[in-house]
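Trainee: What follows is the file entry_25.cif, containing mmCIF, C-alpha atoms:
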data_run
#
loop_
_atom_site.label_atom_id
_atom_site.label_comp_id
_atom_site.auth_asym_id
_atom_site.auth_seq_id
_atom_site.Cartn_x
_atom_site.Cartn_y
_atom_site.Cartn_z
CA MET V 1 15.28 -13.65 -0.77
CA THR V 2 12.77 -15.82 -2.59
CA VAL V 3 9.39 -14.46 -3.59
CA ILE V 4 7.62 -16.95 -1.32
CA SER V 5 9.65 -15.94 1.73
CA GLU V 6 9.03 -12.27 0.93
CA LEU V 7 5.28 -12.85 0.76
CA ARG V 8 5.51 -14.61 4.13
CA MET V 9 7.65 -11.69 5.38
CA ARG V 10 10.31 -14.12 6.54
CA PRO V 11 14.05 -14.32 5.71
CA ALA V 12 14.89 -16.88 3.03
CA ALA V 13 16.70 -20.06 4.05
CA ARG V 14 19.48 -19.11 1.63
CA GLU V 15 20.29 -16.07 -0.45
CA TRP V 16 20.43 -16.60 -4.19
CA GLY V 17 19.50 -14.88 -7.40
CA TRP V 18 20.60 -12.38 -9.98
CA GLU V 19 22.53 -9.51 -8.42
CA ALA V 20 21.30 -6.92 -10.89
CA SER V 21 22.89 -3.51 -11.34
CA THR V 22 21.09 -0.32 -10.37
CA THR V 23 20.43 0.40 -14.05
CA ALA V 24 18.86 -3.03 -14.57
CA ARG V 25 16.68 -2.54 -11.50
CA LEU V 26 15.59 0.89 -12.73
CA VAL V 27 14.64 -0.52 -16.11
CA LEU V 28 12.80 -3.50 -14.64
CA SER V 29 10.82 -1.33 -12.19
CA GLY V 30 9.77 1.02 -14.98
CA VAL V 31 9.04 -1.74 -17.49
CA VAL V 32 6.67 -3.57 -15.14
CA ILE V 33 4.32 -0.62 -14.65
CA PHE V 34 4.68 0.30 -18.35
CA VAL V 35 3.67 -3.18 -19.57
CA LEU V 36 0.81 -3.50 -17.08
CA LEU V 37 -0.61 -0.13 -18.15
CA VAL V 38 -0.22 -1.04 -21.82
CA GLY V 39 -2.34 -4.13 -21.10
CA ALA V 40 -4.94 -2.16 -19.18
CA ASN V 41 -5.45 0.11 -22.20
CA LEU V 42 -5.20 -2.34 -25.09
CA ALA V 43 -8.99 -2.39 -25.37
CA THR V 44 -9.37 1.37 -25.94
CA PRO V 45 -9.66 1.24 -29.77
CA LEU V 46 -11.81 -1.90 -29.47
CA TYR V 47 -14.57 -0.27 -27.41
CA PRO V 48 -16.63 0.78 -30.48
CA SER V 49 -16.72 -2.84 -31.75
CA LEU V 50 -17.34 -4.14 -28.21
CA GLN V 51 -20.27 -1.75 -27.87
CA ALA V 52 -21.80 -3.18 -31.04
CA GLU V 53 -20.93 -6.83 -30.33
CA LEU V 54 -22.13 -6.87 -26.70
CA ALA V 55 -24.82 -4.17 -27.06
CA LEU V 56 -23.20 -2.03 -24.36
CA GLY V 57 -24.01 1.55 -25.34
CA PRO V 58 -22.03 4.56 -24.02
CA PHE V 59 -23.03 4.00 -20.38
CA GLY V 60 -22.11 0.30 -20.48
CA THR V 61 -18.69 1.24 -21.83
CA THR V 62 -18.11 3.71 -19.01
CA VAL V 63 -19.27 1.11 -16.45
CA ALA V 64 -16.67 -1.36 -17.75
CA PHE V 65 -13.99 1.34 -17.77
CA SER V 66 -14.92 2.65 -14.32
CA SER V 67 -14.94 -0.80 -12.69
CA TYR V 68 -11.20 -0.84 -13.35
CA VAL V 69 -10.75 2.52 -11.65
CA ILE V 70 -12.93 1.64 -8.66
CA ALA V 71 -11.00 -1.61 -8.09
CA LEU V 72 -7.72 0.28 -8.47
CA VAL V 73 -8.71 2.94 -5.93
CA ALA V 74 -10.04 0.36 -3.44
CA THR V 75 -6.80 -1.63 -3.67
CA LEU V 76 -4.70 1.51 -3.20
CA VAL V 77 -6.67 2.22 -0.01
CA LEU V 78 -6.51 -1.35 1.29
CA ALA V 79 -3.07 -2.46 0.09
CA GLY V 80 -1.15 0.60 -1.10
CA HIS V 81 1.40 0.11 1.71
CA TRP V 82 2.01 -3.63 1.21
CA SER V 83 5.24 -3.21 -0.74
CA ASP V 84 6.78 -1.52 2.32
CA HIS V 85 6.38 -4.82 4.20
CA ILE V 86 6.65 -7.61 1.62
CA GLY V 87 9.23 -5.81 -0.53
CA ARG V 88 9.03 -4.08 -3.89
CA ARG V 89 9.89 -7.20 -5.93
CA ALA V 90 7.23 -9.38 -4.30
CA ALA V 91 4.56 -6.72 -4.84
CA LEU V 92 5.52 -6.45 -8.52
CA VAL V 93 5.40 -10.25 -8.96
CA VAL V 94 1.89 -10.39 -7.47
CA SER V 95 0.77 -7.50 -9.66
CA VAL V 96 1.99 -9.25 -12.82
CA VAL V 97 0.25 -12.53 -11.87
CA VAL V 98 -3.04 -10.72 -11.18
CA GLY V 99 -2.56 -8.78 -14.43
CA LEU V 100 -2.24 -12.05 -16.32
CA ALA V 101 -5.55 -13.27 -14.89
CA GLY V 102 -7.29 -9.97 -15.67
CA THR V 103 -6.03 -9.97 -19.26
CA ALA V 104 -7.32 -13.52 -19.79
CA VAL V 105 -10.79 -12.76 -18.40
CA PHE V 106 -11.18 -9.53 -20.37
CA GLY V 107 -9.89 -11.08 -23.60
CA LEU V 108 -12.44 -13.90 -23.38
CA ALA V 109 -15.34 -11.69 -22.21
CA GLN V 110 -18.71 -12.41 -23.75
CA ASN V 111 -20.80 -10.01 -21.66
CA LEU V 112 -20.56 -6.87 -19.54
CA LEU V 113 -20.06 -8.87 -16.33
CA MET V 114 -16.94 -10.58 -17.70
CA LEU V 115 -15.64 -7.28 -19.04
CA CYS V 116 -16.03 -5.76 -15.58
CA GLY V 117 -14.42 -8.82 -13.94
CA GLY V 118 -11.37 -8.54 -16.17
CA ARG V 119 -11.14 -4.81 -15.59
CA VAL V 120 -11.39 -5.29 -11.81
CA LEU V 121 -8.42 -7.69 -11.85
CA GLN V 122 -6.46 -5.27 -14.02
CA GLY V 123 -7.23 -2.46 -11.58
CA ILE V 124 -5.96 -4.52 -8.64
CA SER V 125 -2.80 -5.31 -10.60
CA ILE V 126 -2.07 -1.67 -11.43
CA ALA V 127 -2.72 -0.57 -7.85
CA LEU V 128 -0.26 -3.10 -6.43
CA ALA V 129 2.38 -2.05 -8.94
CA THR V 130 1.88 1.73 -8.68
CA GLY V 131 3.24 2.34 -5.19
CA ALA V 132 5.86 -0.42 -5.44
CA SER V 133 7.30 0.82 -8.73
CA ALA V 134 7.35 4.50 -7.70
CA ALA V 135 8.96 3.70 -4.34
CA ALA V 136 11.52 1.39 -5.96
CA LEU V 137 12.54 4.11 -8.42
CA ARG V 138 12.99 6.62 -5.64
CA GLU V 139 15.07 4.17 -3.58
CA LEU V 140 17.26 3.48 -6.60
CA LEU V 141 17.81 7.22 -7.16
CA PRO V 142 18.15 8.54 -3.60
CA THR V 143 20.05 11.69 -4.64
CA ARG V 144 17.84 12.48 -7.64
CA PRO V 145 14.22 12.40 -6.42
CA GLU V 146 13.04 14.65 -9.28
CA TRP V 147 14.24 12.14 -11.86
CA ALA V 148 12.65 9.32 -9.88
CA SER V 149 9.32 11.16 -10.24
CA ARG V 150 9.98 11.78 -13.93
CA PHE V 151 10.71 8.09 -14.58
CA THR V 152 7.57 7.14 -12.65
CA LEU V 153 5.36 9.41 -14.76
CA LEU V 154 7.20 8.53 -17.98
CA SER V 155 6.58 4.83 -17.40
CA SER V 156 2.94 5.28 -16.41
CA SER V 157 1.97 7.90 -19.01
CA GLY V 158 3.95 6.06 -21.67
CA GLY V 159 2.19 2.79 -20.91
CA VAL V 160 -1.27 4.35 -21.02
CA ALA V 161 -0.38 6.17 -24.27
CA ALA V 162 1.11 3.12 -25.98
CA GLY V 163 -1.73 0.78 -24.99
CA PRO V 164 -4.38 2.10 -27.42
CA ALA V 165 -1.95 2.29 -30.36
CA ILE V 166 -0.59 -1.21 -29.72
CA GLY V 167 -4.11 -2.55 -29.20
CA GLY V 168 -5.23 -1.14 -32.55
CA LEU V 169 -2.26 -2.69 -34.36
CA LEU V 170 -2.52 -6.10 -32.67
CA ALA V 171 -6.26 -6.24 -33.43
CA LEU V 172 -5.30 -6.55 -37.11
CA LEU V 173 -3.65 -9.93 -36.38
CA PRO V 174 -5.54 -13.22 -36.91
CA GLY V 175 -7.81 -13.76 -33.95
CA GLY V 176 -9.50 -10.37 -34.00
CA ARG V 177 -10.07 -8.71 -30.68
CA THR V 178 -8.53 -11.57 -28.67
CA ALA V 179 -5.10 -11.23 -30.36
CA PRO V 180 -3.93 -8.19 -28.32
CA PHE V 181 -4.68 -9.98 -25.06
CA VAL V 182 -2.89 -13.18 -26.07
CA VAL V 183 0.24 -11.18 -26.91
CA GLN V 184 -0.05 -9.27 -23.62
CA MET V 185 -0.27 -12.52 -21.65
CA VAL V 186 2.90 -13.81 -23.31
CA VAL V 187 4.79 -10.60 -22.50
CA LEU V 188 3.64 -10.68 -18.86
CA ALA V 189 4.67 -14.32 -18.51
CA LEU V 190 8.14 -13.48 -19.87
CA LEU V 191 8.39 -10.53 -17.49
CA LEU V 192 7.94 -12.87 -14.53
CA VAL V 193 11.29 -14.54 -15.31
CA PRO V 194 13.64 -11.63 -14.43
CA LEU V 195 11.34 -10.58 -11.58
CA TRP V 196 11.60 -14.05 -10.05
CA LEU V 197 15.34 -14.36 -10.60
CA ILE V 198 16.46 -10.94 -9.39
CA ARG V 199 17.91 -10.77 -5.91
CA ALA V 200 15.42 -8.68 -3.95
CA ARG V 201 16.36 -5.95 -1.55
CA PRO V 202 14.95 -6.17 1.99
CA ALA V 203 11.57 -4.64 2.72
CA ILE V 204 11.84 -1.11 4.09
CA MET V 205 9.57 -1.91 7.07
CA ARG V 206 9.82 -5.50 8.31
CA ALA V 207 6.85 -6.81 10.26
CA GLU V 208 7.42 -8.01 13.81
CA HIS V 209 7.35 -11.78 14.22
CA GLY V 210 3.77 -12.98 14.64
CA PHE V 211 2.23 -9.65 13.62
CA ASN V 212 2.20 -9.96 9.82
CA HIS V 213 -1.54 -9.46 9.66
CA ARG V 214 -1.22 -6.14 11.45
CA ALA V 215 1.41 -4.90 9.00
CA LEU V 216 -0.82 -5.69 6.02
CA ALA V 217 -4.05 -4.46 7.60
CA PRO V 218 -5.68 -1.49 5.85
CA ARG V 219 -4.47 1.88 7.03
CA ARG V 220 -6.30 5.14 7.26
CA LEU V 221 -5.25 7.37 4.42
CA GLY V 222 -3.24 10.20 5.82
CA VAL V 223 -0.75 12.83 4.80
CA PRO V 224 1.71 14.53 7.18
CA SER V 225 0.59 18.05 8.04
CA GLN V 226 3.66 19.62 6.43
CA ALA V 227 2.82 17.93 3.11
CA ARG V 228 -0.93 18.62 2.90
CA GLY V 229 -0.71 21.67 0.67
CA ALA V 230 1.53 19.86 -1.81
CA PHE V 231 -0.68 16.77 -1.59
CA TRP V 232 -3.95 18.53 -2.38
CA LEU V 233 -2.57 20.44 -5.33
CA ALA V 234 -1.08 17.24 -6.77
CA ALA V 235 -4.30 15.30 -6.10
CA LEU V 236 -6.60 17.91 -7.70
CA VAL V 237 -4.38 18.37 -10.75
CA GLY V 238 -4.26 14.57 -11.03
CA PHE V 239 -8.05 14.28 -10.68
CA LEU V 240 -8.61 16.75 -13.53
CA SER V 241 -5.92 15.12 -15.68
CA PHE V 242 -7.37 11.65 -15.30
CA ALA V 243 -10.91 12.87 -15.91
CA ILE V 244 -9.70 14.09 -19.32
CA PHE V 245 -7.65 10.95 -19.95
CA GLY V 246 -10.54 8.77 -18.80
CA PHE V 247 -12.76 10.31 -21.48
CA GLN V 248 -10.08 9.82 -24.13
CA LEU V 249 -9.59 6.17 -23.21
CA SER V 250 -13.27 5.18 -22.91
CA LEU V 251 -15.81 7.21 -24.90
CA ALA V 252 -13.47 9.12 -27.20
CA PRO V 253 -12.67 6.15 -29.50
CA GLY V 254 -16.36 5.79 -30.37
CA PHE V 255 -16.65 9.54 -30.80
CA PHE V 256 -13.61 9.61 -33.10
CA ALA V 257 -14.94 6.70 -35.14
CA GLN V 258 -18.39 8.26 -35.63
CA GLY V 259 -17.86 12.02 -35.48
CA MET V 260 -14.58 12.03 -37.42
CA HIS V 261 -15.66 9.17 -39.76
CA LEU V 262 -12.66 7.00 -38.89
CA ASN V 263 -12.68 3.22 -39.32
CA SER V 264 -8.99 2.41 -38.84
CA LEU V 265 -8.39 0.79 -35.43
CA PRO V 266 -4.68 1.76 -35.30
CA LEU V 267 -5.54 5.38 -36.13
CA VAL V 268 -8.29 5.49 -33.50
CA GLY V 269 -5.82 4.02 -30.98
CA VAL V 270 -3.16 6.60 -31.83
CA LEU V 271 -5.65 9.47 -31.46
CA ALA V 272 -6.86 8.13 -28.11
CA GLY V 273 -3.29 7.93 -26.82
CA LEU V 274 -1.99 11.24 -28.22
CA SER V 275 -2.45 13.19 -24.99
CA LEU V 276 -0.83 10.50 -22.89
CA GLY V 277 2.04 10.27 -25.35
CA ALA V 278 2.63 14.02 -25.19
CA SER V 279 2.43 13.83 -21.40
CA ALA V 280 5.07 11.08 -21.35
CA LEU V 281 7.41 13.00 -23.67
CA SER V 282 7.06 16.13 -21.53
CA GLN V 283 8.84 14.24 -18.72
CA LEU V 284 12.03 14.40 -20.80
CA THR V 285 12.00 18.20 -21.01
CA GLY V 286 13.96 20.44 -18.68
CA PHE V 287 11.22 22.99 -18.04
CA SER V 288 11.04 24.01 -14.38
CA GLY V 289 10.36 27.03 -12.23
CA LYS V 290 7.48 28.64 -10.34
CA ALA V 291 5.52 29.34 -13.53
CA THR V 292 5.58 25.72 -14.74
CA VAL V 293 2.38 24.65 -12.98
CA PRO V 294 0.14 27.66 -13.83
CA VAL V 295 1.41 27.75 -17.44
CA GLY V 296 0.91 24.00 -17.87
CA LEU V 297 -2.61 24.18 -16.48
CA ALA V 298 -3.45 27.19 -18.66
CA VAL V 299 -2.31 25.24 -21.73
CA LEU V 300 -4.45 22.31 -20.59
CA GLY V 301 -7.48 24.61 -20.23
CA LEU V 302 -7.00 26.17 -23.67
CA SER V 303 -6.60 22.74 -25.24
CA MET V 304 -9.93 21.61 -23.79
CA LEU V 305 -11.64 24.63 -25.37
CA LEU V 306 -10.07 23.57 -28.68
CA THR V 307 -11.43 20.06 -28.07
CA ALA V 308 -14.94 21.50 -27.67
CA TRP V 309 -14.50 23.40 -30.93
CA ALA V 310 -13.19 20.31 -32.73
CA SER V 311 -16.12 18.19 -31.48
CA ASN V 312 -18.58 20.58 -33.12
CA THR V 313 -16.70 21.06 -36.39
CA SER V 314 -15.37 17.49 -36.92
CA ALA V 315 -11.96 19.08 -37.56
CA LEU V 316 -9.47 16.23 -37.18
CA TRP V 317 -6.40 18.49 -37.35
CA LEU V 318 -7.79 20.64 -34.54
CA LEU V 319 -8.42 17.57 -32.41
CA VAL V 320 -4.81 16.45 -32.93
CA VAL V 321 -3.46 19.89 -31.93
CA ALA V 322 -5.73 19.99 -28.87
CA SER V 323 -4.76 16.47 -27.77
CA VAL V 324 -1.01 17.12 -28.01
CA ALA V 325 -1.32 20.46 -26.21
CA ALA V 326 -3.45 18.89 -23.46
CA GLY V 327 -0.90 16.15 -22.84
CA PHE V 328 2.05 18.52 -22.81
CA GLY V 329 0.35 20.97 -20.42
CA GLN V 330 -0.79 18.16 -18.13
CA GLY V 331 2.62 16.51 -18.15
CA LEU V 332 4.47 19.68 -17.12
CA SER V 333 2.04 20.65 -14.38
CA PHE V 334 1.42 17.19 -12.90
CA ARG V 335 5.13 16.29 -12.95
CA THR V 336 5.93 19.38 -10.89
CA VAL V 337 3.17 19.02 -8.30
CA PHE V 338 3.71 15.24 -8.08
CA ASN V 339 7.42 15.76 -7.41
CA ARG V 340 6.71 18.39 -4.76
CA ALA V 341 4.32 16.02 -2.98
CA ALA V 342 6.82 13.14 -3.15
CA MET V 343 9.67 15.27 -1.80
CA ALA V 344 7.53 16.59 1.05
CA VAL V 345 7.68 13.23 2.90
CA SER V 346 10.44 10.91 4.07
CA PRO V 347 11.40 7.83 1.96
CA ASP V 348 9.53 5.42 4.27
CA GLN V 349 6.30 7.39 3.61
CA HIS V 350 6.80 7.63 -0.14
CA ALA V 351 4.75 4.60 -1.20
CA GLN V 352 1.87 5.70 1.04
CA MET V 353 2.00 9.27 -0.30
CA VAL V 354 2.03 8.09 -3.93
CA SER V 355 -0.86 5.71 -3.25
CA THR V 356 -2.88 8.47 -1.52
CA VAL V 357 -2.30 10.92 -4.38
CA TYR V 358 -3.40 8.28 -6.87
CA VAL V 359 -6.54 7.45 -4.87
CA VAL V 360 -7.84 10.96 -5.64
CA THR V 361 -6.24 11.05 -9.09
CA TYR V 362 -7.80 7.81 -10.32
CA LEU V 363 -11.24 8.82 -9.05
CA GLY V 364 -11.08 11.36 -11.88
CA SER V 365 -11.18 8.46 -14.31
CA ALA V 366 -14.37 7.09 -12.77
CA VAL V 367 -16.77 9.70 -11.40
CA PRO V 368 -16.69 12.32 -14.21
CA VAL V 369 -16.52 9.63 -16.90
CA LEU V 370 -19.63 7.89 -15.54
CA GLY V 371 -21.40 11.25 -15.58
CA LEU V 372 -20.24 11.82 -19.13
CA GLY V 373 -21.59 8.42 -20.15
CA LEU V 374 -25.00 9.26 -18.70
CA ALA V 375 -24.98 12.69 -20.36
CA ALA V 376 -24.10 11.14 -23.72
CA ALA V 377 -27.01 8.72 -23.41
CA VAL V 378 -29.44 11.57 -22.63
CA TRP V 379 -28.23 14.50 -24.75
CA GLY V 380 -26.03 12.88 -27.36
CA MET V 381 -22.29 12.46 -27.64
CA THR V 382 -21.43 15.84 -29.22
CA THR V 383 -23.33 17.90 -26.65
CA ALA V 384 -21.93 15.85 -23.75
CA VAL V 385 -18.34 16.11 -25.00
CA THR V 386 -18.68 19.87 -25.54
CA ALA V 387 -20.03 20.44 -22.03
CA PHE V 388 -17.37 18.18 -20.50
CA ALA V 389 -14.56 19.98 -22.33
CA ILE V 390 -15.79 23.43 -21.21
CA LEU V 391 -16.11 22.32 -17.57
CA ALA V 392 -12.62 20.79 -17.68
CA ALA V 393 -11.23 24.04 -19.12
CA VAL V 394 -12.82 26.09 -16.33
CA ALA V 395 -11.38 23.71 -13.71
CA ALA V 396 -7.90 23.96 -15.28
CA PHE V 397 -8.00 27.77 -15.25
CA LEU V 398 -9.12 27.83 -11.60
CA LEU V 399 -6.30 25.47 -10.59
CA ALA V 400 -3.84 27.61 -12.56
CA LEU V 401 -4.93 30.67 -10.56
CA ALA V 402 -4.67 28.76 -7.27
CA SER V 403 -1.16 27.51 -8.08
CA LEU V 404 -0.10 31.02 -9.19
CA ARG V 405 -1.22 32.49 -5.87
CA GLY V 406 0.57 29.70 -4.01
CA SER V 407 3.84 30.29 -5.89
CA ARG V 408 3.74 34.02 -5.06
CA ARG V 409 3.58 33.20 -1.35
CA VAL V 410 6.71 31.03 -1.55
#
With the file now loaded, output its structure as structure tokens.
Mentor:
Amino acid sequence: MTVISELRMRPAAREWGWEASTTARLVLSGVVIFVLLVGANLATPLYPSLQAELALGPFGTTVAFSSYVIALVATLVLAGHWSDHIGRRAALVVSVVVGLAGTAVFGLAQNLLMLCGGRVLQGISIALATGASAAALRELLPTRPEWASRFTLLSSSGGVAAGPAIGGLLALLPGGRTAPFVVQMVVLALLLVPLWLIRARPAIMRAEHGFNHRALAPRRLGVPSQARGAFWLAALVGFLSFAIFGFQLSLAPGFFAQGMHLNSLPLVGVLAGLSLGASALSQLTGFSGKATVPVGLAVLGLSMLLTAWASNTSALWLLVVASVAAGFGQGLSFRTVFNRAAMAVSPDQHAQMVSTVYVVTYLGSAVPVLGLGLAAAVWGMTTAVTAFAILAAVAAFLLALASLRGSRRV
């Protein structure tokens, strides 16, 4: 099928294209979400310089960051199910095209409005790709749903982790802060080639003739009753995780640069992405069992207490230890609850379940981070970060207790 016919939800006049192997399809599905998330986080080490250049301040930075999350969540609500009807490939093509536009607008931004506009387009792009990529991976690994979830989280966490480090390195190229976005646009354009050429598989839920608009109409978010317990645990663990990651990808670079006296963009980018990197690597471990979730959350809580300590002592080594531990604990716990939620529904409900989980999860990157930005403007960065870290630790310990009680009932 051609991309155009898929978008029209009509059979192609003739079948053509690259008949890719399952391995190639797995790689392409994972690479798309990885590259898009790299692009969405290239600016992380550049936020301190953007604050100075555009006179943003901490709250302006969190507004720009949160506009991405709000657009992402809104698109998940309105269009999280589209890939079920237009096909996974078509949804990924649209996401890459929108990602290209968002990267261009953000890279050329001269004010807060343009920054927010670019971030909104990037959020729409990630939302369209999230459900499509996760569902495609599960369909390609029908007998290994746990590994489908692992690949999903490895691609997403890896992309978010690599973005700040790559952004810091590319910012050293001629062209300053625009260089990372030019490179990202080239990579996205190249990625469109195999996406366009690959022979797409049919959509899992074809729309009836003449009723395309009904198929794509927004749906009420819903979770089957048998999956609600698994959904809420996954959503709450995700919310907490992304609140912590949202801080590390928005305000933390400025905090690292000032509080830790760092002026190296690559180093700031690496520090910002440490937790995400550890989270991605944790997907490759074989840890499993009933204790995985409570232990992972307990490690996450302890690491946030270490973060509070590091923020008051300017101890860089302690911050590194805390960041790695936070990512590893989050990766183990979220992988397990995410997989349980995904396996609790049938394959035709998978994209909707993933999108619904991420609606709650991504709100963690917006609401708490906006509050943190306001707190930093009123009480100062160190006090705000300390309070945020302590609250996150308490939340992690409470979720650990809840998951421990739940595992004892099973």
Trainee: Quick one: which residues end up in the PyMOL selection byres ((chain V and resi 258) around 12) for this structure, as a PyMOL selection string?
Mentor: chain V and resi 48-49+251-257+259-264+268+311+314+381-382
Trainee: Which residue is closest to V:His81? Choose from V:Ala162, V:Leu50, V:Ala389, V:Ala134 and count all atoms listed in the file.
Mentor: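 Ranked by minimum distance to V:His81, first place goes to V:Ala134.
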Trainee: Check the smallest atom-to-atom distance from each of V:Ser125, V:Met304, V:Leu363, V:Val63 to V:Gly80 using all atoms listed in the file, then report the winner.
Mentor: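 Result for the nearest residue to V:Gly80: V:Ser125.
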Trainee: Just say which residues the PyMOL selection byres ((chain V and resi 279-283) around 7) picks in this file, as a list in words.
Mentor: Arg150, Leu153, Leu154, Ser157, Gly158, Ser275, Leu276, Gly277, Ala278, Leu284, Thr285, Gly327, Phe328, Gln330, Gly331 and Leu332 of chain V
Trainee: As a check of understanding, name the residues that the PyMOL selection byres ((chain V and resi 265) around 9) selects in the supplied structure, as number ranges by chain.
Mentor: V: 45-46, 165, 167-169, 171-172, 257, 262-264, 266-270
Trainee: V:Ala71, V:Ala291, V:Ile244, V:Ala40: which is nearest V:Arg405, counting only C-alpha atoms?
Mentor: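 Under the stated criterion, the closest residue is V:Ala291.
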Trainee: Residues at most 6 Å from stretch 88-104 of chain V, counting all atoms listed in the file, excluding those fewer than 3 positions away in the same chain, as a CSV table (one decimal) with C-alpha atoms, in the coordinates of the input?
Mentor:
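Writing done, so here's out_4.csv:
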chain,number,residue,atom,x,y,z
V,3,VAL,CA,9.4,-14.5,-3.6
V,83,SER,CA,5.2,-3.2,-0.7
V,107,GLY,CA,-9.9,-11.1,-23.6
V,118,GLY,CA,-11.4,-8.5,-16.2
V,121,LEU,CA,-8.4,-7.7,-11.8
V,122,GLN,CA,-6.5,-5.3,-14.0
V,125,SER,CA,-2.8,-5.3,-10.6
V,128,LEU,CA,-0.3,-3.1,-6.4
V,129,ALA,CA,2.4,-2.0,-8.9
V,132,ALA,CA,5.9,-0.4,-5.4
V,181,PHE,CA,-4.7,-10.0,-25.1
V,185,MET,CA,-0.3,-12.5,-21.6
Trainee: From the list V:Ala200, V:Ala325, V:Ile124, V:Ala179, which residue is nearest V:Ile86 when using all atoms listed in the file?
Mentor: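 Going through V:Ala200, V:Ala325, V:Ile124, V:Ala179 one by one, the smallest distance to V:Ile86 is for V:Ala200.
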Trainee: How many Å lie between atom CA of V:Thr292 and atom CA of V:Leu137, rounded to one decimal?
Mentor: 23.6 Å
Trainee: For stretch 49-60 of chain V, what centre and edge lengths in Å (one decimal) does the axis-aligned box get once 5 Å is added on each side of all its listed atoms, as JSON?
Mentor:
{"center_x": -20.8, "center_y": -1.2, "center_z": -26.1, "size_x": 18.1, "size_y": 21.4, "size_z": 21.4}
Trainee: Can you build me a table of stretch 146-199 of chain V residues sitting at most 6 Å from stretch 29-38 of chain V, with the closest atom pair per residue and its distance in Å to one decimal, using all atoms listed in the file, sorted by chain and residue number, as a Markdown table?
Mentor:
| residue | atom | partner | partner_atom | distance |
| --- | --- | --- | --- | --- |
| V:Ser155 | CA | V:Phe34 | CA | 5.0 |
| V:Ser156 | CA | V:Phe34 | CA | 5.6 |
| V:Gly159 | CA | V:Phe34 | CA | 4.4 |
| V:Val160 | CA | V:Leu37 | CA | 5.4 |
| V:Gly163 | CA | V:Val38 | CA | 4.0 |
Trainee: When distances are computed from all atoms listed in the file, which of V:Leu190, V:Leu56, V:Val394, V:Leu26 shows the smallest separation from V:Ala136?
Mentor: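 Smallest distance to V:Ala136 is found for V:Leu26.
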Trainee: Name the residues in contact with V:Leu141 at a cut-off of 12 Å, using only C-alpha atoms, excluding same-chain residues fewer than 4 positions from it; report them as a PyMOL selection string.
Mentor: chain V and resi 22-23+25-26+134-137+145-152+347
Trainee: Taking 3 positions as the minimum chain separation for residues in the same chain, which residues sit within 10 Å of V:Gly238 when counting only C-alpha atoms? Answer as a PyMOL selection string.
Mentor: chain V and resi 232-235+241-244+330+333-335+337-338+357-365
Trainee: Save the residues we just selected, C-alpha atoms, as a PDB file, keeping the file's coordinate frame?
Mentor:
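Now in result_20.pdb:
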ATOM      1  CA  TRP V 232      -3.950  18.530  -2.380  1.00  0.00           C
ATOM      2  CA  LEU V 233      -2.570  20.440  -5.330  1.00  0.00           C
ATOM      3  CA  ALA V 234      -1.080  17.240  -6.770  1.00  0.00           C
ATOM      4  CA  ALA V 235      -4.300  15.300  -6.100  1.00  0.00           C
ATOM      5  CA  SER V 241      -5.920  15.120 -15.680  1.00  0.00           C
ATOM      6  CA  PHE V 242      -7.370  11.650 -15.300  1.00  0.00           C
ATOM      7  CA  ALA V 243     -10.910  12.870 -15.910  1.00  0.00           C
ATOM      8  CA  ILE V 244      -9.700  14.090 -19.320  1.00  0.00           C
ATOM      9  CA  GLN V 330      -0.790  18.160 -18.130  1.00  0.00           C
ATOM     10  CA  SER V 333       2.040  20.650 -14.380  1.00  0.00           C
ATOM     11  CA  PHE V 334       1.420  17.190 -12.900  1.00  0.00           C
ATOM     12  CA  ARG V 335       5.130  16.290 -12.950  1.00  0.00           C
ATOM     13  CA  VAL V 337       3.170  19.020  -8.300  1.00  0.00           C
ATOM     14  CA  PHE V 338       3.710  15.240  -8.080  1.00  0.00           C
ATOM     15  CA  VAL V 357      -2.300  10.920  -4.380  1.00  0.00           C
ATOM     16  CA  TYR V 358      -3.400   8.280  -6.870  1.00  0.00           C
ATOM     17  CA  VAL V 359      -6.540   7.450  -4.870  1.00  0.00           C
ATOM     18  CA  VAL V 360      -7.840  10.960  -5.640  1.00  0.00           C
ATOM     19  CA  THR V 361      -6.240  11.050  -9.090  1.00  0.00           C
ATOM     20  CA  TYR V 362      -7.800   7.810 -10.320  1.00  0.00           C
ATOM     21  CA  LEU V 363     -11.240   8.820  -9.050  1.00  0.00           C
ATOM     22  CA  GLY V 364     -11.080  11.360 -11.880  1.00  0.00           C
ATOM     23  CA  SER V 365     -11.180   8.460 -14.310  1.00  0.00           C
TER      24      SER V 365
END
Trainee: To one decimal place, how far is atom CA of V:Val27 from atom CA of V:Leu140 in Å?
Mentor: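 These atoms are spaced 10.6 Å apart.
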Trainee: Would you pick out the contacts of V:Phe397 at 10 Å or less, using all atoms listed in the file, so that residues sharing its chain but fewer than 6 positions from it are not included, and give the list as a list of chain:residue names?
Mentor: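 That gives V:Pro294, V:Val295, V:Leu297, V:Ala298, V:Val299, V:Leu300, V:Gly301, V:Leu302, V:Ser403.
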